[in-house]
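Structure data follow from query-v2.tsv (TSV, C-alpha atoms):
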```
chain	number	residue	atom	x	y	z
A	300	MET	CA	14.79	30.41	-32.27
A	301	ASN	CA	11.57	28.77	-33.32
A	302	ASN	CA	8.64	30.78	-32.01
A	303	LYS	CA	6.00	28.69	-33.73
A	304	PRO	CA	3.32	27.58	-31.33
A	305	ASN	CA	3.46	23.90	-30.51
A	306	TYR	CA	-0.23	23.28	-31.08
A	307	LYS	CA	0.00	23.53	-34.87
A	308	LEU	CA	-0.79	20.30	-36.62
A	309	PRO	CA	0.43	17.65	-36.28
A	310	PHE	CA	-1.24	18.04	-32.93
A	311	THR	CA	1.14	17.69	-30.06
A	312	SER	CA	-1.29	18.34	-27.19
A	313	LYS	CA	-2.61	14.84	-27.13
A	314	THR	CA	-2.72	14.41	-23.40
A	315	ASP	CA	-5.58	15.24	-21.10
A	316	ASN	CA	-3.55	17.33	-18.71
A	317	GLN	CA	-3.32	20.57	-20.64
A	318	ILE	CA	-3.70	23.74	-18.60
A	319	VAL	CA	-7.28	24.94	-18.94
A	320	PHE	CA	-6.48	28.63	-19.34
A	321	GLN	CA	-3.09	29.68	-20.69
A	322	SER	CA	-3.21	33.23	-19.26
A	323	PRO	CA	-5.06	34.82	-16.35
A	324	TRP	CA	-6.80	37.29	-18.64
A	325	HIS	CA	-8.28	34.39	-20.63
A	326	SER	CA	-9.92	32.95	-17.52
A	327	GLN	CA	-11.05	36.37	-16.33
A	328	LEU	CA	-12.62	37.13	-19.71
A	329	PHE	CA	-14.29	33.72	-19.76
A	330	ALA	CA	-15.75	34.15	-16.27
A	331	ILE	CA	-16.98	37.71	-16.89
A	332	THR	CA	-18.77	36.60	-20.06
A	333	VAL	CA	-20.38	33.57	-18.43
A	334	GLN	CA	-21.54	35.59	-15.44
A	335	LEU	CA	-23.00	38.38	-17.59
A	336	SER	CA	-24.83	35.84	-19.72
A	337	GLU	CA	-26.15	33.87	-16.76
A	338	SER	CA	-27.47	36.97	-15.07
A	339	GLY	CA	-29.59	37.61	-18.15
A	340	ASN	CA	-27.67	40.35	-19.98
A	341	PHE	CA	-27.49	38.23	-23.13
A	342	SER	CA	-28.04	34.62	-24.08
A	343	TRP	CA	-25.08	32.36	-24.77
A	344	LYS	CA	-26.33	31.97	-28.33
A	345	GLU	CA	-26.26	35.73	-28.81
A	346	PHE	CA	-22.70	35.83	-27.55
A	347	VAL	CA	-21.67	32.97	-29.83
A	348	ASP	CA	-23.07	34.87	-32.82
A	349	TYR	CA	-20.88	37.87	-32.00
A	350	PHE	CA	-17.94	35.60	-31.29
A	351	GLY	CA	-18.24	33.70	-34.57
A	352	LYS	CA	-18.30	36.96	-36.53
A	353	SER	CA	-15.36	38.30	-34.58
A	354	LEU	CA	-13.33	35.15	-35.32
A	355	ASN	CA	-14.20	35.43	-39.01
A	356	ARG	CA	-13.04	39.05	-39.15
A	357	ALA	CA	-9.80	38.18	-37.38
A	358	ARG	CA	-9.19	35.46	-39.94
A	359	ILE	CA	-9.23	38.05	-42.74
A	360	HIS	CA	-6.22	39.73	-41.14
A	361	LYS	CA	-4.41	36.63	-40.05
A	362	GLU	CA	-4.67	33.35	-41.82
A	363	ASP	CA	-4.64	30.84	-38.99
A	364	LEU	CA	-5.92	31.70	-35.55
A	365	ASP	CA	-3.98	29.71	-33.03
A	366	GLY	CA	-6.70	28.90	-30.52
A	367	ASN	CA	-4.81	30.63	-27.75
A	368	ASP	CA	-4.24	34.44	-27.55
A	369	ASP	CA	-5.76	34.88	-31.02
A	370	TYR	CA	-8.88	33.08	-29.92
A	371	PHE	CA	-9.31	35.08	-26.73
A	372	ASN	CA	-8.55	38.35	-28.57
A	373	SER	CA	-11.56	37.61	-30.78
A	374	TRP	CA	-13.57	36.66	-27.68
A	375	LEU	CA	-12.63	40.02	-26.13
A	376	VAL	CA	-13.72	41.96	-29.25
A	377	ALA	CA	-17.04	40.05	-29.20
A	378	LEU	CA	-17.64	40.85	-25.52
A	379	GLU	CA	-16.81	44.53	-26.07
A	380	GLU	CA	-19.24	44.64	-28.99
A	381	ILE	CA	-22.10	42.90	-27.24
A	382	ILE	CA	-21.88	45.02	-24.08
A	383	VAL	CA	-21.68	48.23	-26.12
A	384	THR	CA	-24.59	47.18	-28.38
A	385	LYS	CA	-26.68	46.27	-25.35
A	386	GLU	CA	-25.71	49.56	-23.70
A	387	ILE	CA	-24.18	47.83	-20.72
A	388	ALA	CA	-21.05	49.85	-21.47
A	389	ASN	CA	-19.94	52.47	-23.91
A	390	SER	CA	-16.66	52.39	-25.72
A	391	LYS	CA	-15.60	55.84	-24.52
A	392	ILE	CA	-15.82	54.82	-20.87
A	393	LEU	CA	-13.98	51.58	-21.59
A	394	SER	CA	-11.18	53.52	-23.21
A	395	VAL	CA	-11.02	56.01	-20.32
A	396	LEU	CA	-10.77	53.11	-17.85
A	397	LYS	CA	-8.10	51.42	-19.91
A	398	ASN	CA	-6.06	54.65	-19.82
A	399	ASP	CA	-6.60	54.86	-16.07
A	400	TRP	CA	-5.05	51.41	-15.77
A	401	ILE	CA	-2.12	52.34	-18.01
A	402	ASN	CA	-1.44	55.46	-15.94
A	403	ALA	CA	-1.77	53.47	-12.72
A	404	TYR	CA	0.77	50.90	-13.89
A	405	LEU	CA	3.20	53.56	-15.06
A	406	SER	CA	2.95	55.56	-11.86
A	407	THR	CA	2.91	52.75	-9.31
A	408	PRO	CA	6.33	51.78	-7.93
A	409	HIS	CA	7.32	48.25	-8.81
A	410	GLY	CA	6.07	45.82	-6.16
A	411	ASP	CA	3.22	48.00	-4.91
A	412	PRO	CA	-0.41	47.03	-5.62
A	413	VAL	CA	-1.68	48.77	-8.73
A	414	LYS	CA	-4.97	50.59	-8.21
A	415	ILE	CA	-6.93	53.11	-10.21
A	416	LYS	CA	-8.74	56.12	-8.87
A	417	GLN	CA	-12.48	55.78	-8.38
A	418	ARG	CA	-14.55	57.35	-11.11
A	419	THR	CA	-18.21	58.13	-11.16
A	420	ILE	CA	-19.45	56.15	-14.14
B	221	MET	CA	3.58	36.88	-18.57
B	222	ASN	CA	6.06	36.32	-21.35
B	223	SER	CA	7.99	39.07	-23.06
B	224	LYS	CA	5.98	39.11	-26.27
B	225	GLU	CA	2.85	40.00	-24.37
B	226	ASN	CA	4.50	43.04	-22.90
B	227	ASN	CA	3.70	45.96	-25.13
B	228	HIS	CA	5.90	48.25	-23.12
B	229	SER	CA	8.73	48.82	-25.55
B	230	HIS	CA	12.06	49.07	-23.87
B	231	HIS	CA	13.54	50.77	-26.90
B	232	ASP	CA	11.34	53.81	-26.69
B	233	HIS	CA	12.85	55.39	-23.67
B	234	GLU	CA	15.41	54.93	-20.99
B	235	HIS	CA	14.25	54.17	-17.48
B	236	ASP	CA	15.17	52.17	-14.45
B	237	HIS	CA	12.11	49.86	-14.19
B	238	ALA	CA	10.86	51.92	-11.24
B	239	HIS	CA	7.23	51.48	-12.18
B	240	SER	CA	5.08	48.38	-12.44
B	241	HIS	CA	5.21	46.10	-15.43
B	242	LEU	CA	2.62	47.26	-17.98
B	243	PRO	CA	0.20	44.48	-19.01
B	244	SER	CA	-0.61	43.74	-22.65
B	245	ASP	CA	-3.37	45.59	-24.51
B	246	PRO	CA	-5.99	42.80	-24.15
B	247	GLU	CA	-5.22	42.46	-20.44
B	248	LEU	CA	-5.81	46.19	-19.98
B	249	ARG	CA	-9.07	46.01	-21.94
B	250	VAL	CA	-10.29	43.10	-19.78
B	251	LYS	CA	-9.39	45.14	-16.71
B	252	ALA	CA	-11.37	48.10	-18.07
B	253	ILE	CA	-14.44	45.92	-18.67
B	254	GLU	CA	-14.12	44.35	-15.23
B	255	THR	CA	-13.76	47.74	-13.52
B	256	LEU	CA	-16.84	49.06	-15.27
B	257	LEU	CA	-19.00	45.99	-14.59
B	258	LEU	CA	-17.93	45.84	-10.95
B	259	SER	CA	-18.80	49.49	-10.45
B	260	LYS	CA	-22.22	48.86	-11.98
B	261	GLY	CA	-22.71	45.82	-9.78
B	262	LEU	CA	-23.18	43.57	-12.83
B	263	ILE	CA	-20.51	41.10	-11.83
B	264	ASP	CA	-19.42	39.74	-8.50
B	265	PRO	CA	-15.70	39.04	-7.94
B	266	ASN	CA	-16.40	35.95	-5.81
B	267	THR	CA	-18.58	34.46	-8.54
B	268	LEU	CA	-15.81	35.11	-11.07
B	269	ASP	CA	-13.31	33.28	-8.85
B	270	GLU	CA	-15.71	30.39	-8.31
B	271	LEU	CA	-16.35	30.05	-12.04
B	272	ILE	CA	-12.63	29.95	-12.82
B	273	ASP	CA	-11.92	27.50	-10.02
B	274	THR	CA	-14.78	25.25	-11.13
B	275	TYR	CA	-13.54	24.97	-14.69
B	276	GLU	CA	-9.87	24.79	-13.76
B	277	ASN	CA	-10.27	22.14	-11.09
B	278	ASN	CA	-13.67	20.47	-10.84
B	279	ILE	CA	-15.31	20.12	-14.22
B	280	GLY	CA	-13.44	18.30	-16.94
B	281	PRO	CA	-13.16	15.13	-18.99
B	282	GLN	CA	-13.27	13.03	-15.83
B	283	ASN	CA	-17.03	13.69	-15.83
B	284	GLY	CA	-17.51	12.50	-19.39
B	285	ALA	CA	-15.33	9.47	-18.63
B	286	LYS	CA	-17.80	8.38	-15.94
B	287	VAL	CA	-20.68	8.68	-18.42
B	288	VAL	CA	-18.81	6.55	-20.96
B	289	ALA	CA	-17.79	3.92	-18.39
B	290	LYS	CA	-21.36	3.62	-17.16
B	291	ALA	CA	-22.59	3.14	-20.72
B	292	TRP	CA	-20.00	0.40	-21.20
B	293	VAL	CA	-21.18	-1.63	-18.20
B	294	ASP	CA	-24.90	-0.86	-18.20
B	295	ASN	CA	-26.79	-1.54	-21.43
B	296	ASP	CA	-29.98	0.11	-20.24
B	297	TYR	CA	-28.05	3.26	-19.41
B	298	LYS	CA	-26.37	3.18	-22.81
B	299	LYS	CA	-29.76	2.94	-24.49
B	300	ARG	CA	-31.03	5.94	-22.52
B	301	LEU	CA	-27.82	7.83	-23.31
B	302	LEU	CA	-28.17	7.34	-27.04
B	303	GLU	CA	-31.89	8.16	-26.99
B	304	ASP	CA	-31.82	11.21	-24.72
B	305	ALA	CA	-28.29	12.13	-23.79
B	306	THR	CA	-29.18	15.26	-21.82
B	307	SER	CA	-31.39	13.31	-19.39
B	308	ALA	CA	-29.04	10.32	-19.13
B	309	ILE	CA	-26.08	12.59	-18.37
B	310	ARG	CA	-28.18	14.43	-15.81
B	311	GLU	CA	-28.64	11.11	-13.98
B	312	LEU	CA	-24.95	11.47	-13.02
B	313	SER	CA	-25.62	15.08	-11.95
B	314	TYR	CA	-23.79	16.59	-14.90
B	315	GLN	CA	-25.98	19.29	-16.34
B	316	GLY	CA	-26.47	22.94	-17.08
B	317	ARG	CA	-24.18	25.46	-18.67
B	318	GLN	CA	-23.39	24.44	-22.26
B	319	GLY	CA	-24.80	20.98	-21.74
B	320	GLU	CA	-28.48	21.79	-22.05
B	321	ASN	CA	-28.91	19.85	-25.29
B	322	MET	CA	-26.55	16.92	-25.57
B	323	VAL	CA	-26.28	14.27	-28.24
B	324	VAL	CA	-24.11	11.18	-27.80
B	325	VAL	CA	-22.79	9.51	-30.95
B	326	GLU	CA	-21.57	5.96	-30.71
B	327	ASN	CA	-18.42	4.60	-32.34
B	328	THR	CA	-18.84	1.15	-33.87
B	329	PRO	CA	-16.56	-1.09	-35.93
B	330	GLU	CA	-18.10	0.61	-38.99
B	331	ILE	CA	-18.34	4.26	-37.89
B	332	HIS	CA	-15.90	6.60	-36.17
B	333	ASN	CA	-17.32	9.91	-34.95
B	334	VAL	CA	-15.45	13.20	-34.60
B	335	VAL	CA	-16.72	16.45	-33.08
B	336	VAL	CA	-15.78	19.96	-34.13
B	337	CYS	CA	-17.26	23.43	-33.89
B	338	THR	CA	-16.69	25.23	-37.17
B	339	LEU	CA	-18.20	28.48	-35.91
B	340	CYS	CA	-16.14	28.98	-32.77
B	341	SER	CA	-15.62	26.37	-30.08
B	342	CYS	CA	-18.97	25.04	-28.86
B	343	TYR	CA	-18.18	22.17	-26.53
B	344	PRO	CA	-20.07	20.19	-23.85
B	345	TRP	CA	-18.74	21.90	-20.72
B	346	PRO	CA	-20.49	19.73	-18.05
B	347	VAL	CA	-18.84	16.55	-19.33
B	348	LEU	CA	-15.59	17.79	-20.89
B	349	GLY	CA	-14.85	21.16	-19.28
B	350	ILE	CA	-13.21	23.90	-21.33
B	351	PRO	CA	-11.96	22.89	-24.78
B	352	PRO	CA	-8.24	22.36	-25.36
B	353	THR	CA	-6.33	24.92	-27.42
B	354	TRP	CA	-6.18	22.81	-30.56
B	355	TYR	CA	-10.00	22.43	-30.57
B	356	LYS	CA	-10.21	26.23	-30.74
B	357	SER	CA	-7.60	26.60	-33.48
B	358	ASP	CA	-8.60	27.57	-37.02
B	359	GLU	CA	-6.66	24.68	-38.34
B	360	TYR	CA	-8.68	22.05	-36.51
B	361	ARG	CA	-11.98	23.82	-37.06
B	362	SER	CA	-11.54	24.00	-40.81
B	363	ARG	CA	-9.58	20.85	-41.56
B	364	ALA	CA	-11.59	18.46	-39.36
B	365	VAL	CA	-14.50	18.82	-41.76
B	366	ARG	CA	-12.48	18.96	-44.98
B	367	GLU	CA	-10.03	16.15	-44.37
B	368	PRO	CA	-10.93	14.36	-41.14
B	369	ARG	CA	-8.96	11.21	-41.90
B	370	LYS	CA	-5.76	13.19	-42.38
B	371	VAL	CA	-6.35	15.29	-39.27
B	372	LEU	CA	-6.94	12.14	-37.20
B	373	SER	CA	-3.74	10.62	-38.53
B	374	GLU	CA	-1.89	13.71	-37.30
B	375	PHE	CA	-3.29	12.96	-33.86
B	376	GLY	CA	-1.72	9.55	-34.25
B	377	LEU	CA	-5.08	7.95	-34.93
B	378	ASN	CA	-5.15	5.97	-38.15
B	379	ILE	CA	-8.69	4.95	-39.00
B	380	ASP	CA	-9.06	1.96	-41.30
B	381	SER	CA	-10.21	3.04	-44.76
B	382	LYS	CA	-13.21	0.69	-44.44
B	383	VAL	CA	-14.45	2.65	-41.42
B	384	GLN	CA	-16.69	5.61	-42.19
B	385	ILE	CA	-15.79	8.88	-40.43
B	386	LYS	CA	-18.69	11.10	-39.40
B	387	VAL	CA	-17.95	14.70	-38.43
B	388	TRP	CA	-20.43	16.44	-36.12
B	389	ASP	CA	-20.53	20.23	-36.03
B	390	SER	CA	-21.42	21.52	-32.55
B	391	THR	CA	-23.46	24.66	-32.14
B	392	ALA	CA	-24.45	26.91	-29.27
B	393	GLU	CA	-27.63	24.84	-29.00
B	394	LEU	CA	-26.42	21.28	-29.61
B	395	ARG	CA	-23.30	19.64	-28.16
B	396	TYR	CA	-21.91	16.26	-29.05
B	397	LEU	CA	-20.06	13.65	-27.04
B	398	VAL	CA	-18.49	10.60	-28.65
B	399	LEU	CA	-19.09	7.23	-27.01
B	400	PRO	CA	-15.90	5.35	-27.88
B	401	MET	CA	-15.76	1.56	-28.21
B	402	ARG	CA	-14.92	-0.34	-25.05
B	403	PRO	CA	-11.27	-1.46	-25.17
B	404	ILE	CA	-10.55	-5.11	-25.89
B	405	GLY	CA	-9.55	-7.01	-22.77
B	406	SER	CA	-11.50	-4.75	-20.38
B	407	GLU	CA	-14.27	-7.31	-19.72
B	408	ASN	CA	-13.35	-7.84	-16.08
B	409	MET	CA	-12.74	-4.23	-15.18
B	410	SER	CA	-15.01	-2.26	-12.84
B	411	GLU	CA	-16.81	0.90	-13.89
B	412	ALA	CA	-14.33	3.04	-11.94
B	413	GLU	CA	-11.38	1.29	-13.55
B	414	LEU	CA	-12.92	1.68	-16.98
B	415	ALA	CA	-13.44	5.42	-16.45
B	416	LYS	CA	-9.67	5.78	-16.08
B	417	LEU	CA	-9.19	4.44	-19.60
B	418	VAL	CA	-11.42	7.10	-21.16
B	419	THR	CA	-9.37	10.01	-22.47
B	420	ARG	CA	-10.68	13.45	-23.33
B	421	ASN	CA	-9.74	13.01	-26.99
B	422	SER	CA	-11.59	9.70	-27.19
B	423	MET	CA	-14.78	11.60	-26.33
B	424	ILE	CA	-14.09	14.21	-29.06
B	425	GLY	CA	-13.13	11.50	-31.53
B	426	THR	CA	-9.52	12.55	-32.02
B	427	GLY	CA	-8.25	9.67	-29.91
B	428	LEU	CA	-9.14	6.27	-28.49
B	429	PRO	CA	-9.46	5.06	-24.90
B	430	GLU	CA	-6.24	3.83	-23.37
B	431	ASN	CA	-5.36	0.21	-23.91
B	432	VAL	CA	-5.80	-2.27	-21.08
B	433	LYS	CA	-2.40	-2.84	-19.50
```
Starting from the file, lay out its structure as structure tokens.
Amino acid sequence: MNNKPNYKLPFTSKTDNQIVFQSPWHSQLFAITVQLSESGNFSWKEFVDYFGKSLNRARIHKEDLDGNDDYFNSWLVALEEIIVTKEIANSKILSVLKNDWINAYLSTPHGDPVKIKQRTI
Amino acid sequence: MNSKENNHSHHDHEHDHAHSHLPSDPELRVKAIETLLLSKGLIDPNTLDELIDTYENNIGPQNGAKVVAKAWVDNDYKKRLLEDATSAIRELSYQGRQGENMVVVENTPEIHNVVVCTLCSCYPWPVLGIPPTWYKSDEYRSRAVREPRKVLSEFGLNIDSKVQIKVWDSTAELRYLVLPMRPIGSENMSEAELAKLVTRNSMIGTGLPENVK
């Protein structure tokens, strides 16, 4: 089976009706970043500087970033870095919350809403 | 979600799928950030939903198409657009977020313009929405500058060798929109009809407007 993404050149997505966001987490990440920037936590230019560096680092490990999950993975790294640097978050808390979500998914019966316990942050 | 995004290995242990499907690592990290920011009151869930809805449904290349069509029928508007694109685009109420400093570059029989962002994916959101996947790919971002003619041919766009290709590199501070040439045979069409001919790719430079049927 050919797992190669279909957006490699020659470009096949020539139409205007492509889905804007390929995965819900892409759109969520996009919206969180825009909202944080617009409420004054960082300028868009500052974010783009982090993002550009993050993309460059990712390229060292993987030759061609595909513009889809790869792209948003680098976006995610950039957002994590900028919010930690600006002390909006710290990486320890983010990792605790991520584990809370993992535990919640693993302990919630299939079909039930997945929720995490409230923490004092 | 597709199976490759699921980092929950089914080879590690036996179970009966009693628990919920575990999201991928990046999904969990986004959830962690969201949980933290919500608890700190730094983001508002309704605003997040509105932002996503806006860019999925309301803002897109149809906006840029109206700008182009207006420039095709109104010479004064075209002049204003080429002199001060940000203000001229604002006349149609397209402004703000990632469109604060716009430059419109005009295609002519001698020059074909192409836009790229070599740093990441800077793109004029108010007139084109969110960039397509290929615009964000490494391949486009690096090759569009190095070998634009070849890249365009892979889009199915063969530019005559006599025509100069100019590549414009967008930044966080400056966004470009290509003003494509008005299609031959469209002289009697209305502005609204013309807007329907303007494709997203024709405003990035990787395509042309649709032909008049």
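With distances restricted to only C-alpha atoms, A:Asp365 is the closest residue to chain B from A:Tyr349, A:Asp365, A:Ala377, A:Ile387.
If you measure from each of B:Gln315, B:Thr353, B:Asn327, B:Ser381 to Arg402 in chain B using only C-alpha atoms, the closest one turns out to be B:Asn327.
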Check every residue of chain B for an atom within 8 Å of chain A, counting all atoms listed in the file, and provide those that qualify as a ChimeraX atom specification. /B:221,237-242,246-256,259,262-263,267-269,271-272,275-276,281,339-340,350-359,371,374-375,392-393,419-421
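Coordinates place CA of Asp294 in chain B at a distance of 18.0 Å from CA of Met423 in chain B.
Distances here use only C-alpha atoms; by that measure, the residue among B:Tyr343, B:Leu397, B:Asp264, B:Leu257 closest to Arg317 in chain B is B:Tyr343.
One finds CA of Cys342 in chain B at 26.5 Å from CA of Glu330 in chain B.
Atom pair CA of Lys260 in chain B / CA of Phe341 in chain A has a distance of 16.3 Å (rounded to one decimal).
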